[in-house]
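Chemist: My structure is stored as coords.cif, with mmCIF, C-alpha atoms.
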```cif
data_my_file
loop_
_atom_site.group_PDB
_atom_site.id
_atom_site.type_symbol
_atom_site.label_atom_id
_atom_site.label_comp_id
_atom_site.auth_asym_id
_atom_site.auth_seq_id
_atom_site.Cartn_x
_atom_site.Cartn_y
_atom_site.Cartn_z
ATOM 1 C CA MET A 1 132.032 -48.468 -15.122
ATOM 2 C CA ALA A 2 133.185 -46.457 -18.113
ATOM 3 C CA ARG A 3 134.302 -42.873 -18.015
ATOM 4 C CA VAL A 4 133.838 -40.254 -20.700
ATOM 5 C CA VAL A 5 135.648 -36.947 -20.327
ATOM 6 C CA VAL A 6 134.237 -33.792 -21.854
ATOM 7 C CA ASP A 7 136.540 -30.779 -22.147
ATOM 8 C CA VAL A 8 134.651 -27.521 -22.562
ATOM 9 C CA MET A 9 136.523 -24.410 -23.739
ATOM 10 C CA LEU A 10 135.370 -20.940 -24.669
ATOM 11 C CA LYS A 11 135.630 -20.477 -28.433
ATOM 12 C CA PRO A 12 138.889 -18.773 -29.437
ATOM 13 C CA GLU A 13 137.100 -15.571 -30.441
ATOM 14 C CA ILE A 14 135.338 -15.224 -27.072
ATOM 15 C CA LEU A 15 137.230 -13.129 -24.545
ATOM 16 C CA ASP A 16 138.280 -15.119 -21.473
ATOM 17 C CA PRO A 17 138.739 -12.561 -18.684
ATOM 18 C CA GLN A 18 139.425 -15.299 -16.137
ATOM 19 C CA GLY A 19 142.318 -16.603 -18.219
ATOM 20 C CA GLN A 20 143.573 -13.055 -18.716
ATOM 21 C CA ALA A 21 143.542 -12.435 -14.964
ATOM 22 C CA VAL A 22 145.626 -15.568 -14.443
ATOM 23 C CA ALA A 23 148.022 -14.575 -17.226
ATOM 24 C CA ASN A 24 148.399 -11.142 -15.642
ATOM 25 C CA ALA A 25 149.316 -12.750 -12.309
ATOM 26 C CA LEU A 26 152.115 -14.877 -13.769
ATOM 27 C CA PRO A 27 154.822 -12.173 -13.731
ATOM 28 C CA ARG A 28 154.382 -12.097 -9.956
ATOM 29 C CA LEU A 29 155.597 -15.719 -9.962
ATOM 30 C CA GLY A 30 158.563 -14.639 -12.043
ATOM 31 C CA VAL A 31 157.026 -16.152 -15.183
ATOM 32 C CA ASN A 32 157.415 -13.805 -18.130
ATOM 33 C CA ASP A 33 157.329 -16.076 -21.173
ATOM 34 C CA VAL A 34 153.613 -16.968 -21.256
ATOM 35 C CA ALA A 35 151.717 -15.401 -24.137
ATOM 36 C CA SER A 36 148.195 -16.281 -23.028
ATOM 37 C CA VAL A 37 146.143 -18.434 -20.666
ATOM 38 C CA ARG A 38 142.662 -19.746 -21.356
ATOM 39 C CA ILE A 39 140.514 -21.537 -18.809
ATOM 40 C CA GLY A 40 137.994 -24.256 -19.540
ATOM 41 C CA ARG A 41 136.092 -26.970 -17.738
ATOM 42 C CA ARG A 42 136.730 -30.726 -17.573
ATOM 43 C CA VAL A 43 133.651 -32.854 -16.951
ATOM 44 C CA GLU A 44 133.914 -36.565 -16.089
ATOM 45 C CA ILE A 45 130.869 -38.680 -16.825
ATOM 46 C CA ASP A 46 130.828 -42.212 -15.419
ATOM 47 C CA PHE A 47 128.392 -44.504 -17.177
ATOM 48 C CA ALA A 48 126.987 -47.392 -15.171
ATOM 49 C CA GLY A 49 127.638 -49.743 -18.085
ATOM 50 C CA ASP A 50 129.585 -49.241 -21.305
ATOM 51 C CA ALA A 51 130.685 -45.768 -22.368
ATOM 52 C CA ASP A 52 127.990 -44.314 -24.598
ATOM 53 C CA LEU A 53 129.707 -41.676 -26.744
ATOM 54 C CA GLU A 54 126.526 -40.836 -28.580
ATOM 55 C CA ARG A 55 124.745 -40.126 -25.307
ATOM 56 C CA ALA A 56 127.759 -38.203 -23.964
ATOM 57 C CA ARG A 57 127.727 -36.046 -27.084
ATOM 58 C CA GLU A 58 124.053 -35.266 -26.494
ATOM 59 C CA ILE A 59 124.753 -34.341 -22.858
ATOM 60 C CA ALA A 60 127.647 -32.112 -23.913
ATOM 61 C CA ASP A 61 125.725 -30.444 -26.701
ATOM 62 C CA LYS A 62 122.513 -29.781 -24.792
ATOM 63 C CA LEU A 63 123.814 -29.050 -21.321
ATOM 64 C CA LEU A 64 127.554 -29.081 -20.630
ATOM 65 C CA ALA A 65 128.515 -26.619 -23.359
ATOM 66 C CA ASN A 66 126.729 -23.647 -24.833
ATOM 67 C CA PRO A 67 127.585 -23.999 -28.537
ATOM 68 C CA VAL A 68 127.104 -20.244 -28.988
ATOM 69 C CA ILE A 69 130.237 -19.495 -26.985
ATOM 70 C CA GLU A 70 131.915 -22.812 -26.253
ATOM 71 C CA ASP A 71 133.526 -25.770 -28.062
ATOM 72 C CA TYR A 72 133.842 -29.218 -26.529
ATOM 73 C CA GLU A 73 135.834 -32.393 -27.056
ATOM 74 C CA ILE A 74 134.795 -35.856 -25.939
ATOM 75 C CA ARG A 75 136.954 -38.900 -25.225
ATOM 76 C CA VAL A 76 136.664 -42.206 -23.416
ATOM 77 C CA VAL A 77 139.218 -42.768 -20.659
ATOM 78 C CA GLU A 78 139.972 -45.673 -18.377
ATOM 79 C CA ALA A 79 138.175 -45.039 -15.080
ATOM 80 C CA ALA A 80 140.526 -45.055 -12.131
ATOM 81 C CA MET B 1 92.499 -7.619 -16.186
ATOM 82 C CA SER B 2 95.583 -9.081 -17.851
ATOM 83 C CA LYS B 3 97.501 -11.736 -15.979
ATOM 84 C CA ILE B 4 101.276 -11.568 -15.753
ATOM 85 C CA GLY B 5 103.036 -14.695 -14.522
ATOM 86 C CA VAL B 6 106.274 -14.366 -12.566
ATOM 87 C CA VAL B 7 108.366 -17.523 -12.375
ATOM 88 C CA THR B 8 110.219 -18.553 -9.242
ATOM 89 C CA PHE B 9 113.185 -20.878 -9.718
ATOM 90 C CA PRO B 10 115.249 -22.151 -6.796
ATOM 91 C CA GLY B 11 117.671 -19.236 -6.438
ATOM 92 C CA SER B 12 115.477 -16.524 -7.963
ATOM 93 C CA LEU B 13 115.925 -13.248 -6.067
ATOM 94 C CA ASP B 14 113.888 -10.628 -7.861
ATOM 95 C CA ASP B 15 110.626 -12.520 -8.315
ATOM 96 C CA GLY B 16 109.063 -10.521 -5.471
ATOM 97 C CA ASP B 17 110.039 -7.186 -6.992
ATOM 98 C CA ALA B 18 108.971 -8.293 -10.470
ATOM 99 C CA ALA B 19 105.556 -9.323 -9.117
ATOM 100 C CA ARG B 20 105.291 -6.012 -7.251
ATOM 101 C CA ALA B 21 106.186 -4.015 -10.375
ATOM 102 C CA ALA B 22 103.578 -5.868 -12.422
ATOM 103 C CA ARG B 23 100.960 -5.302 -9.710
ATOM 104 C CA ILE B 24 101.744 -1.581 -9.400
ATOM 105 C CA SER B 25 101.361 -1.307 -13.163
ATOM 106 C CA GLY B 26 97.849 -2.723 -12.928
ATOM 107 C CA ALA B 27 98.308 -6.398 -13.769
ATOM 108 C CA GLU B 28 96.883 -9.369 -11.953
ATOM 109 C CA VAL B 29 99.978 -11.280 -10.869
ATOM 110 C CA VAL B 30 100.191 -15.064 -10.926
ATOM 111 C CA ARG B 31 103.198 -16.652 -9.280
ATOM 112 C CA LEU B 32 104.535 -19.576 -11.319
ATOM 113 C CA TRP B 33 106.692 -22.365 -9.913
ATOM 114 C CA HIS B 34 109.665 -23.820 -11.810
ATOM 115 C CA ALA B 35 108.556 -27.433 -11.330
ATOM 116 C CA ASP B 36 104.971 -26.843 -12.508
ATOM 117 C CA PRO B 37 104.616 -26.825 -16.309
ATOM 118 C CA ASP B 38 101.141 -25.233 -16.077
ATOM 119 C CA LEU B 39 101.071 -21.503 -16.883
ATOM 120 C CA HIS B 40 97.701 -21.077 -15.109
ATOM 121 C CA GLY B 41 96.166 -18.967 -17.837
ATOM 122 C CA VAL B 42 98.667 -16.083 -17.791
ATOM 123 C CA ASP B 43 98.868 -13.683 -20.731
ATOM 124 C CA ALA B 44 102.562 -12.844 -20.332
ATOM 125 C CA VAL B 45 105.544 -14.126 -18.350
ATOM 126 C CA VAL B 46 108.450 -12.516 -16.508
ATOM 127 C CA LEU B 47 111.610 -14.525 -15.836
ATOM 128 C CA PRO B 48 113.183 -12.670 -12.919
ATOM 129 C CA GLY B 49 116.737 -12.023 -11.845
ATOM 130 C CA GLY B 50 118.727 -14.079 -9.389
ATOM 131 C CA PHE B 51 120.826 -17.216 -9.522
ATOM 132 C CA SER B 52 118.508 -19.992 -10.711
ATOM 133 C CA TYR B 53 119.688 -23.430 -9.586
ATOM 134 C CA GLY B 54 122.738 -21.694 -8.120
ATOM 135 C CA ASP B 55 123.826 -20.743 -11.653
ATOM 136 C CA TYR B 56 125.879 -23.934 -11.576
ATOM 137 C CA LEU B 57 127.520 -24.891 -14.870
ATOM 138 C CA ARG B 58 126.555 -21.634 -16.646
ATOM 139 C CA CYS B 59 124.031 -18.948 -15.733
ATOM 140 C CA GLY B 60 120.602 -20.113 -16.842
ATOM 141 C CA ALA B 61 121.849 -23.433 -18.257
ATOM 142 C CA ILE B 62 119.943 -25.658 -15.864
ATOM 143 C CA ALA B 63 116.865 -23.425 -15.504
ATOM 144 C CA ARG B 64 116.360 -23.856 -19.232
ATOM 145 C CA PHE B 65 115.336 -27.461 -18.586
ATOM 146 C CA ALA B 66 112.847 -26.638 -15.806
ATOM 147 C CA PRO B 67 109.368 -28.032 -16.539
ATOM 148 C CA VAL B 68 107.883 -24.513 -16.606
ATOM 149 C CA MET B 69 110.441 -23.430 -19.226
ATOM 150 C CA GLU B 70 109.352 -26.076 -21.726
ATOM 151 C CA THR B 71 105.843 -24.602 -21.634
ATOM 152 C CA ILE B 72 107.107 -21.009 -21.709
ATOM 153 C CA ALA B 73 109.358 -21.753 -24.695
ATOM 154 C CA ASP B 74 106.373 -23.140 -26.638
ATOM 155 C CA ALA B 75 104.189 -20.187 -25.608
ATOM 156 C CA ALA B 76 106.925 -17.707 -26.565
ATOM 157 C CA ARG B 77 107.250 -19.282 -30.003
ATOM 158 C CA GLY B 78 103.474 -18.898 -30.259
ATOM 159 C CA GLY B 79 103.702 -15.151 -29.550
ATOM 160 C CA MET B 80 103.189 -14.837 -25.790
ATOM 161 C CA PRO B 81 105.103 -11.851 -24.389
ATOM 162 C CA VAL B 82 108.075 -12.996 -22.299
ATOM 163 C CA LEU B 83 110.422 -10.653 -20.451
ATOM 164 C CA GLY B 84 113.707 -12.017 -19.104
ATOM 165 C CA ILE B 85 115.508 -9.753 -16.665
ATOM 166 C CA CYS B 86 119.169 -10.400 -15.794
ATOM 167 C CA ASN B 87 119.185 -14.125 -14.941
ATOM 168 C CA GLY B 88 115.969 -14.316 -16.976
ATOM 169 C CA PHE B 89 117.850 -12.883 -19.984
ATOM 170 C CA GLN B 90 120.538 -15.531 -19.482
ATOM 171 C CA ILE B 91 117.853 -18.243 -19.390
ATOM 172 C CA LEU B 92 116.278 -16.946 -22.624
ATOM 173 C CA CYS B 93 119.671 -17.120 -24.361
ATOM 174 C CA GLU B 94 120.362 -20.607 -23.026
ATOM 175 C CA ALA B 95 116.913 -21.677 -24.234
ATOM 176 C CA HIS B 96 117.739 -20.249 -27.698
ATOM 177 C CA LEU B 97 114.714 -17.961 -27.544
ATOM 178 C CA LEU B 98 117.188 -15.108 -27.995
ATOM 179 C CA PRO B 99 120.507 -15.234 -29.890
ATOM 180 C CA GLY B 100 123.935 -14.851 -28.309
ATOM 181 C CA ALA B 101 125.049 -15.453 -24.735
ATOM 182 C CA LEU B 102 125.944 -13.619 -21.529
ATOM 183 C CA THR B 103 129.430 -14.138 -20.178
ATOM 184 C CA ARG B 104 131.576 -13.030 -17.262
ATOM 185 C CA ASN B 105 131.923 -9.259 -16.960
ATOM 186 C CA GLN B 106 135.024 -8.266 -18.870
ATOM 187 C CA HIS B 107 136.634 -6.712 -15.779
ATOM 188 C CA LEU B 108 135.570 -9.712 -13.607
ATOM 189 C CA HIS B 109 133.906 -7.466 -11.018
ATOM 190 C CA PHE B 110 130.271 -7.617 -9.960
ATOM 191 C CA ARG B 111 128.689 -4.285 -10.899
ATOM 192 C CA ASN B 112 125.822 -2.798 -8.924
ATOM 193 C CA ARG B 113 124.793 0.762 -9.764
ATOM 194 C CA ASP B 114 122.149 2.933 -11.347
ATOM 195 C CA GLN B 115 122.665 2.786 -15.097
ATOM 196 C CA TRP B 116 121.614 5.037 -17.959
ATOM 197 C CA LEU B 117 120.237 3.316 -21.044
ATOM 198 C CA ARG B 118 119.173 4.588 -24.420
ATOM 199 C CA MET B 119 115.989 2.941 -25.686
ATOM 200 C CA GLU B 120 116.439 2.048 -29.351
ATOM 201 C CA ASN B 121 113.374 0.068 -30.316
ATOM 202 C CA SER B 122 109.746 0.600 -29.368
ATOM 203 C CA SER B 123 108.296 -2.162 -31.528
ATOM 204 C CA THR B 124 108.237 -4.834 -28.871
ATOM 205 C CA ALA B 125 105.458 -6.012 -26.612
ATOM 206 C CA TRP B 126 107.427 -4.595 -23.669
ATOM 207 C CA THR B 127 108.705 -1.217 -24.919
ATOM 208 C CA SER B 128 105.952 0.533 -26.881
ATOM 209 C CA HIS B 129 105.600 3.187 -24.160
ATOM 210 C CA PHE B 130 109.156 4.399 -24.733
ATOM 211 C CA THR B 131 110.232 6.667 -27.535
ATOM 212 C CA GLU B 132 113.257 5.703 -29.576
ATOM 213 C CA GLY B 133 116.255 7.624 -28.284
ATOM 214 C CA GLN B 134 114.699 8.084 -24.824
ATOM 215 C CA GLU B 135 117.217 7.861 -22.005
ATOM 216 C CA ILE B 136 116.180 5.973 -18.890
ATOM 217 C CA LEU B 137 117.837 5.249 -15.541
ATOM 218 C CA ILE B 138 117.409 1.827 -13.895
ATOM 219 C CA PRO B 139 119.621 -0.310 -11.643
ATOM 220 C CA VAL B 140 122.091 -2.813 -13.080
ATOM 221 C CA LYS B 141 123.574 -5.592 -10.940
ATOM 222 C CA ASN B 142 125.394 -8.498 -12.492
ATOM 223 C CA GLY B 143 128.576 -10.521 -12.569
ATOM 224 C CA GLU B 144 127.895 -12.207 -15.898
ATOM 225 C CA GLY B 145 126.214 -9.571 -18.009
ATOM 226 C CA CYS B 146 128.663 -9.250 -20.870
ATOM 227 C CA TYR B 147 126.605 -9.886 -23.991
ATOM 228 C CA VAL B 148 128.437 -11.676 -26.805
ATOM 229 C CA ALA B 149 127.443 -13.016 -30.220
ATOM 230 C CA ASP B 150 129.259 -13.570 -33.505
ATOM 231 C CA GLN B 151 129.620 -10.646 -35.911
ATOM 232 C CA ARG B 152 126.982 -11.947 -38.301
ATOM 233 C CA THR B 153 124.411 -12.275 -35.503
ATOM 234 C CA LEU B 154 125.266 -8.788 -34.224
ATOM 235 C CA ASP B 155 124.869 -7.305 -37.695
ATOM 236 C CA GLU B 156 121.517 -9.073 -38.079
ATOM 237 C CA LEU B 157 120.380 -7.719 -34.695
ATOM 238 C CA GLU B 158 121.365 -4.199 -35.754
ATOM 239 C CA ALA B 159 119.726 -4.486 -39.172
ATOM 240 C CA GLY B 160 116.523 -5.953 -37.760
ATOM 241 C CA GLY B 161 116.154 -3.353 -35.023
ATOM 242 C CA GLN B 162 116.496 -6.099 -32.428
ATOM 243 C CA ILE B 163 118.829 -4.125 -30.167
ATOM 244 C CA VAL B 164 116.284 -2.622 -27.804
ATOM 245 C CA ALA B 165 118.519 -0.752 -25.336
ATOM 246 C CA ARG B 166 122.179 0.194 -25.082
ATOM 247 C CA TYR B 167 124.276 1.276 -22.139
ATOM 248 C CA ILE B 168 125.210 4.945 -22.214
ATOM 249 C CA ARG B 169 127.552 6.968 -19.987
ATOM 250 C CA GLY B 170 129.606 3.862 -19.268
ATOM 251 C CA ASN B 171 129.293 0.177 -20.156
ATOM 252 C CA PRO B 172 129.106 -1.776 -16.881
ATOM 253 C CA ASN B 173 130.180 -5.196 -18.123
ATOM 254 C CA GLY B 174 131.889 -5.008 -21.510
ATOM 255 C CA SER B 175 128.858 -6.062 -23.579
ATOM 256 C CA VAL B 176 129.590 -5.881 -27.298
ATOM 257 C CA ARG B 177 128.166 -2.787 -28.988
ATOM 258 C CA ASP B 178 126.989 -1.650 -25.527
ATOM 259 C CA ILE B 179 124.022 -4.014 -25.751
ATOM 260 C CA ALA B 180 121.778 -3.951 -22.671
ATOM 261 C CA ALA B 181 118.616 -5.483 -24.135
ATOM 262 C CA ILE B 182 117.603 -7.413 -27.234
ATOM 263 C CA ARG B 183 114.371 -8.776 -28.632
ATOM 264 C CA ASN B 184 113.492 -11.738 -30.822
ATOM 265 C CA GLU B 185 112.429 -11.206 -34.429
ATOM 266 C CA ALA B 186 108.723 -11.217 -33.578
ATOM 267 C CA GLY B 187 109.191 -8.687 -30.767
ATOM 268 C CA ASN B 188 107.323 -10.640 -28.086
ATOM 269 C CA VAL B 189 110.456 -11.888 -26.290
ATOM 270 C CA LEU B 190 112.706 -9.323 -24.617
ATOM 271 C CA GLY B 191 115.887 -9.929 -22.641
ATOM 272 C CA ILE B 192 117.336 -7.097 -20.578
ATOM 273 C CA MET B 193 120.322 -7.155 -18.233
ATOM 274 C CA PRO B 194 119.469 -4.146 -16.012
ATOM 275 C CA HIS B 195 116.429 -4.243 -13.743
ATOM 276 C CA PRO B 196 113.247 -2.333 -14.652
ATOM 277 C CA GLU B 197 111.420 -3.955 -11.715
ATOM 278 C CA HIS B 198 113.673 -2.079 -9.266
ATOM 279 C CA ALA B 199 112.721 1.318 -10.696
ATOM 280 C CA VAL B 200 108.978 1.530 -10.141
ATOM 281 C CA GLU B 201 108.664 3.488 -6.886
ATOM 282 C CA ALA B 202 110.227 6.772 -5.745
ATOM 283 C CA LEU B 203 111.053 5.358 -2.319
ATOM 284 C CA THR B 204 113.403 2.637 -3.539
ATOM 285 C CA GLY B 205 114.222 3.262 -7.199
ATOM 286 C CA PRO B 206 116.429 5.829 -8.947
ATOM 287 C CA SER B 207 113.438 6.662 -11.208
ATOM 288 C CA LEU B 208 110.060 5.302 -12.238
ATOM 289 C CA ASP B 209 111.409 4.401 -15.686
ATOM 290 C CA GLY B 210 110.923 0.678 -15.117
ATOM 291 C CA LEU B 211 107.143 1.040 -15.139
ATOM 292 C CA GLY B 212 107.184 1.612 -18.899
ATOM 293 C CA PHE B 213 108.042 -2.026 -19.590
ATOM 294 C CA PHE B 214 105.058 -3.301 -17.620
ATOM 295 C CA SER B 215 102.593 -0.664 -18.840
ATOM 296 C CA SER B 216 103.718 -1.425 -22.427
ATOM 297 C CA VAL B 217 102.900 -5.103 -22.141
ATOM 298 C CA LEU B 218 99.545 -4.386 -20.500
ATOM 299 C CA LYS B 219 98.679 -2.085 -23.415
ATOM 300 C CA HIS B 220 99.867 -4.771 -25.839
ATOM 301 C CA LEU B 221 97.647 -7.385 -24.160
ATOM 302 C CA ALA B 222 94.640 -5.051 -24.019
ATOM 303 C CA ASP B 223 95.024 -4.230 -27.728
ATOM 304 C CA ALA B 224 95.295 -7.934 -28.546
ATOM 305 C CA LYS B 225 92.099 -8.646 -26.579
ATOM 306 C CA ALA B 226 90.253 -5.760 -28.235
ATOM 307 C CA ALA B 227 91.271 -7.057 -31.661
ATOM 308 C CA ALA B 228 90.174 -10.613 -30.884
#
```
Written as structure tokens, how would this file's structure read?

Modeler:
Amino acid sequence: MARVVVDVMLKPEILDPQGQAVANALPRLGVNDVASVRIGRRVEIDFAGDADLERAREIADKLLANPVIEDYEIRVVEAA
Amino acid sequence: MSKIGVVTFPGSLDDGDAARAARISGAEVVRLWHADPDLHGVDAVVLPGGFSYGDYLRCGAIARFAPVMETIADAARGGMPVLGICNGFQILCEAHLLPGALTRNQHLHFRNRDQWLRMENSSTAWTSHFTEGQEILIPVKNGEGCYVADQRTLDELEAGGQIVARYIRGNPNGSVRDIAAIRNEAGNVLGIMPHPEHAVEALTGPSLDGLGFFSSVLKHLADAKAAA
């Protein structure tokens, strides 16, 4: 089995209110030196055979990310 | 009599109200099922509000690939009137039938209230019965209704008269430029975040302003038939 990881993040110019809410909570933990927090999504795709990056890219582009508001990065990792 | 199709996805909530609104306005209503690509001869389609496929991944992202949506996307590109309300608007954006995207409300809270809108464009299949500048009151209820698009797209929407309605007296979700509804270039596809189908009867709605969307499309369809 081969695993491909897709990291999906909101584009930098898109407001991330979830990340902001987390950043705003940090002072309550005594953390005051964080400038910003942004939250994304990690997707793990396990191929039955070899890792197919081309296919993974298609999956990411058509379904996992909305290219209007999100960027994604793809990499092959060793499956655990 | 013109036929308006109302799609039900797993997780749709407002399909019943949308069908009721279309019926009250004088349409013959045809209920469409997400897994059936056949549009059963309808003249227009409503994609209702709710949480299609649980809104997993992103709102509307999975519904976009429903068999019925492939047919609707082709029909919409061919000029069939399509109205996406709330989740339906999200689906239209995910399907690239409308530009931009709908994201988490800026303040992270679900908003449910009666909302004033200013109608800004009457040249769509769904809004010809409104006058430009008319203020209407219909319910809004969403958690991910914050409309976003890049500056160039927003400027194009403004220049092309594609911003159909804006929030007034308070923006409920942080949408850029107070956008509540947009149309495609041709004017047959309309996406709106608030809910016209909940404002069609005095007993349950804050107004009857929602009827205008349905009566507009019926007029549009009747005119098209008369011209044919």

Chemist: Identify all chain B residues at most 9 Å from chain A by counting all atoms listed in the file; ligands do not count. Present them as number ranges by chain.

Modeler: B: 57-58, 61-62, 94, 99-101, 103-108, 148-150

Chemist: With all atoms listed in the file counted, which protein, DNA or RNA residues have an atom no more than 8 Å from (121.9, 1.3, -13.0) in the file frame? Please answer as an MDAnalysis selection string.

Modeler: chainID B and resid 112:116 137:141 194:195

Chemist: Atom CA of A:Ala51 to atom CA of A:Ala2: how many Å, to one decimal?

Modeler: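 Here the two named atoms are 5.0 Å from each other.
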
Chemist: Do you know which residues lie at most 9 Å from (133.6, -42.0, -16.7), with coordinates as in the file and only C-alpha atoms counted, and could you write them as a ChimeraX atom specification?

Modeler: /A:1-5,44-48,51,76-80

Chemist: Run the PyMOL selection byres ((chain B and resi 24-34) around 8) mentally over the shown coordinates, then write out the matched residues as an MDAnalysis selection string, using the chain letters and numbers from the document.

Modeler: chainID B and resid 1:10 19:23 35:37 39:40 42 66:69 200 211 214:215 218

Chemist: Quick one, how far is atom CA of B:Asp155 from atom CA of B:Val82?

Modeler: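 These two atoms are separated by 23.5 Å.
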
Chemist: Hey, can you check how far atom CA of B:Arg152 sits from atom CA of B:Gly191?

Modeler: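 Taking atom CA of B:Arg152 and atom CA of B:Gly191, their separation equals 19.3 Å.
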
Chemist: Determine, counting only C-alpha atoms, which protein, DNA and RNA residues have an atom within 12 Å of an atom of B:Arg166; residues of the same chain fewer than 2 positions away are not included. Present the result as a PDB file with C-alpha atoms, keeping the file's coordinate frame.

Modeler:
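Contents of out_15.pdb, freshly written:
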```
ATOM      1  CA  GLN B 115     122.665   2.786 -15.097  1.00  0.00           C
ATOM      2  CA  TRP B 116     121.614   5.037 -17.959  1.00  0.00           C
ATOM      3  CA  LEU B 117     120.237   3.316 -21.044  1.00  0.00           C
ATOM      4  CA  ARG B 118     119.173   4.588 -24.420  1.00  0.00           C
ATOM      5  CA  MET B 119     115.989   2.941 -25.686  1.00  0.00           C
ATOM      6  CA  GLU B 120     116.439   2.048 -29.351  1.00  0.00           C
ATOM      7  CA  ASN B 121     113.374   0.068 -30.316  1.00  0.00           C
ATOM      8  CA  GLU B 132     113.257   5.703 -29.576  1.00  0.00           C
ATOM      9  CA  GLY B 133     116.255   7.624 -28.284  1.00  0.00           C
ATOM     10  CA  GLN B 134     114.699   8.084 -24.824  1.00  0.00           C
ATOM     11  CA  GLU B 135     117.217   7.861 -22.005  1.00  0.00           C
ATOM     12  CA  ILE B 136     116.180   5.973 -18.890  1.00  0.00           C
ATOM     13  CA  LEU B 137     117.837   5.249 -15.541  1.00  0.00           C
ATOM     14  CA  TYR B 147     126.605  -9.886 -23.991  1.00  0.00           C
ATOM     15  CA  GLU B 158     121.365  -4.199 -35.754  1.00  0.00           C
ATOM     16  CA  GLN B 162     116.496  -6.099 -32.428  1.00  0.00           C
ATOM     17  CA  ILE B 163     118.829  -4.125 -30.167  1.00  0.00           C
ATOM     18  CA  VAL B 164     116.284  -2.622 -27.804  1.00  0.00           C
ATOM     19  CA  ILE B 168     125.210   4.945 -22.214  1.00  0.00           C
ATOM     20  CA  ARG B 169     127.552   6.968 -19.987  1.00  0.00           C
ATOM     21  CA  GLY B 170     129.606   3.862 -19.268  1.00  0.00           C
ATOM     22  CA  ASN B 171     129.293   0.177 -20.156  1.00  0.00           C
ATOM     23  CA  PRO B 172     129.106  -1.776 -16.881  1.00  0.00           C
ATOM     24  CA  ASN B 173     130.180  -5.196 -18.123  1.00  0.00           C
ATOM     25  CA  GLY B 174     131.889  -5.008 -21.510  1.00  0.00           C
ATOM     26  CA  SER B 175     128.858  -6.062 -23.579  1.00  0.00           C
ATOM     27  CA  VAL B 176     129.590  -5.881 -27.298  1.00  0.00           C
ATOM     28  CA  ARG B 177     128.166  -2.787 -28.988  1.00  0.00           C
ATOM     29  CA  ASP B 178     126.989  -1.650 -25.527  1.00  0.00           C
ATOM     30  CA  ILE B 179     124.022  -4.014 -25.751  1.00  0.00           C
ATOM     31  CA  ALA B 180     121.778  -3.951 -22.671  1.00  0.00           C
ATOM     32  CA  ALA B 181     118.616  -5.483 -24.135  1.00  0.00           C
ATOM     33  CA  ILE B 182     117.603  -7.413 -27.234  1.00  0.00           C
ATOM     34  CA  ILE B 192     117.336  -7.097 -20.578  1.00  0.00           C
ATOM     35  CA  MET B 193     120.322  -7.155 -18.233  1.00  0.00           C
ATOM     36  CA  PRO B 194     119.469  -4.146 -16.012  1.00  0.00           C
TER      37      PRO B 194
END
```

Chemist: Could you tell me, as an mmCIF file with C-alpha atoms, keeping the file's coordinate frame, exactly which residues end up selected when the PyMOL selection byres ((chain B and resi 52) around 7) is applied to this structure?

Modeler:
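out.cif, freshly written:
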```cif
data_model
loop_
_atom_site.group_PDB
_atom_site.id
_atom_site.type_symbol
_atom_site.label_atom_id
_atom_site.label_comp_id
_atom_site.auth_asym_id
_atom_site.auth_seq_id
_atom_site.Cartn_x
_atom_site.Cartn_y
_atom_site.Cartn_z
ATOM 1 C CA PHE B 9 113.185 -20.878 -9.718
ATOM 2 C CA PRO B 10 115.249 -22.151 -6.796
ATOM 3 C CA GLY B 11 117.671 -19.236 -6.438
ATOM 4 C CA SER B 12 115.477 -16.524 -7.963
ATOM 5 C CA GLY B 50 118.727 -14.079 -9.389
ATOM 6 C CA PHE B 51 120.826 -17.216 -9.522
ATOM 7 C CA TYR B 53 119.688 -23.430 -9.586
ATOM 8 C CA GLY B 54 122.738 -21.694 -8.120
ATOM 9 C CA ASP B 55 123.826 -20.743 -11.653
ATOM 10 C CA GLY B 60 120.602 -20.113 -16.842
ATOM 11 C CA ALA B 63 116.865 -23.425 -15.504
#
```

Chemist: Translate the PyMOL selection byres ((chain B and resi 97) around 8) into a concrete residue list for this structure, as JSON, numbers by chain.

Modeler: {"B": [73, 76, 77, 92, 93, 94, 95, 96, 98, 99, 184, 189]}
